[in-house]
Amino acid sequence: MLSAAVLQEAEQRRLAWRCRRGLLELDIVLQRFVKEKFSELSLQEVEVFDGLLDLPDNEFWDLVKSDKPHKDKVLASIINKLNTASQQPLKEY
């Protein structure tokens with residue numbers, strides 16, 4: 001029987017793989033986000049984040065860097081967390 005921790009770890013690895021992008025800045029932010037913030041996400045946030053990974057790189061990067069407020073609270077929460085990850089110095093990774 002699989003435990004919740006094993007399933008969470010498998011989902012984190014799957015999403016980390018999906019976060020590999022062609023746009024270096026986005027790749028770094030997404031890898032950092034999955035490494036540092038994944039365990040804080042609710043199931044609903046994981047589902048929305050997984051959907052965001054379907055966006056083209058430039059569109060996704062524009063969304064991360066946007067200051068535009070989002071009506072969807074779950075999307076706003078994820079964008080806020082991604083934006084926080086994008087503000088850390090890139091040389092750390």
# chains A, B, ... in the order shown; residues from 1 in each chain; ligands from 1
>>> residues_around(residues="A:Leu24", least_positions_apart="5", cutoff="10 Å", atoms="only C-alpha atoms", output="ChimeraX atom specification")
/A:29-30,57
>>> write_last_selection(atoms="all heavy atoms", output="PDB file, in the first residue's frame")
ATOM      1  N   VAL A  29      13.360  29.362 -11.914  1.00  0.00           N
ATOM      2  CA  VAL A  29      12.284  29.714 -10.979  1.00  0.00           C
ATOM      3  C   VAL A  29      11.399  28.502 -10.690  1.00  0.00           C
ATOM      4  O   VAL A  29      11.059  28.228  -9.542  1.00  0.00           O
ATOM      5  CB  VAL A  29      11.451  30.894 -11.527  1.00  0.00           C
ATOM      6  CG1 VAL A  29      10.167  31.082 -10.740  1.00  0.00           C
ATOM      7  CG2 VAL A  29      12.285  32.166 -11.504  1.00  0.00           C
ATOM      8  N   LEU A  30      11.034  27.768 -11.721  1.00  0.00           N
ATOM      9  CA  LEU A  30      10.147  26.615 -11.527  1.00  0.00           C
ATOM     10  C   LEU A  30      10.827  25.502 -10.738  1.00  0.00           C
ATOM     11  O   LEU A  30      10.205  24.892  -9.863  1.00  0.00           O
ATOM     12  CB  LEU A  30       9.646  26.097 -12.874  1.00  0.00           C
ATOM     13  CG  LEU A  30       8.693  27.035 -13.612  1.00  0.00           C
ATOM     14  CD1 LEU A  30       8.347  26.464 -14.975  1.00  0.00           C
ATOM     15  CD2 LEU A  30       7.446  27.296 -12.802  1.00  0.00           C
ATOM     16  N   ASP A  57       6.427  28.941 -22.731  1.00  0.00           N
ATOM     17  CA  ASP A  57       7.383  29.572 -21.823  1.00  0.00           C
ATOM     18  C   ASP A  57       7.174  31.076 -21.667  1.00  0.00           C
ATOM     19  O   ASP A  57       7.113  31.584 -20.547  1.00  0.00           O
ATOM     20  CB  ASP A  57       8.822  29.321 -22.290  1.00  0.00           C
ATOM     21  CG  ASP A  57       9.283  27.908 -22.020  1.00  0.00           C
ATOM     22  OD1 ASP A  57       8.517  27.120 -21.433  1.00  0.00           O
ATOM     23  OD2 ASP A  57      10.422  27.599 -22.392  1.00  0.00           O
TER      24      ASP A  57
END
>>> residues_around(residues="A:Ser77", least_positions_apart="3", cutoff="12 Å", atoms="only C-alpha atoms", output="list in words")
Lys37, Glu40, Leu41, Ser42, Gln44, Glu45, Val46, Val48, Phe49, Val64, Pro69, His70, Lys71, Asp72, Lys73, Val74, Asn80, Lys81, Leu82, Asn83 and Thr84 of chain A
>>> atom_distance(atom1="atom CA of A:Arg14", atom2="atom CA of A:Leu55")
16.7 Å
>>> closest_residue(among="A:Leu26, A:Ile78, A:Arg32, A:Phe38", to="A:Phe60", atoms="only C-alpha atoms")
A:Leu26
>>> closest_residue(among="A:Leu63, A:Ile79, A:Ile28, A:Leu15", to="A:Glu47", atoms="only C-alpha atoms")
A:Leu15
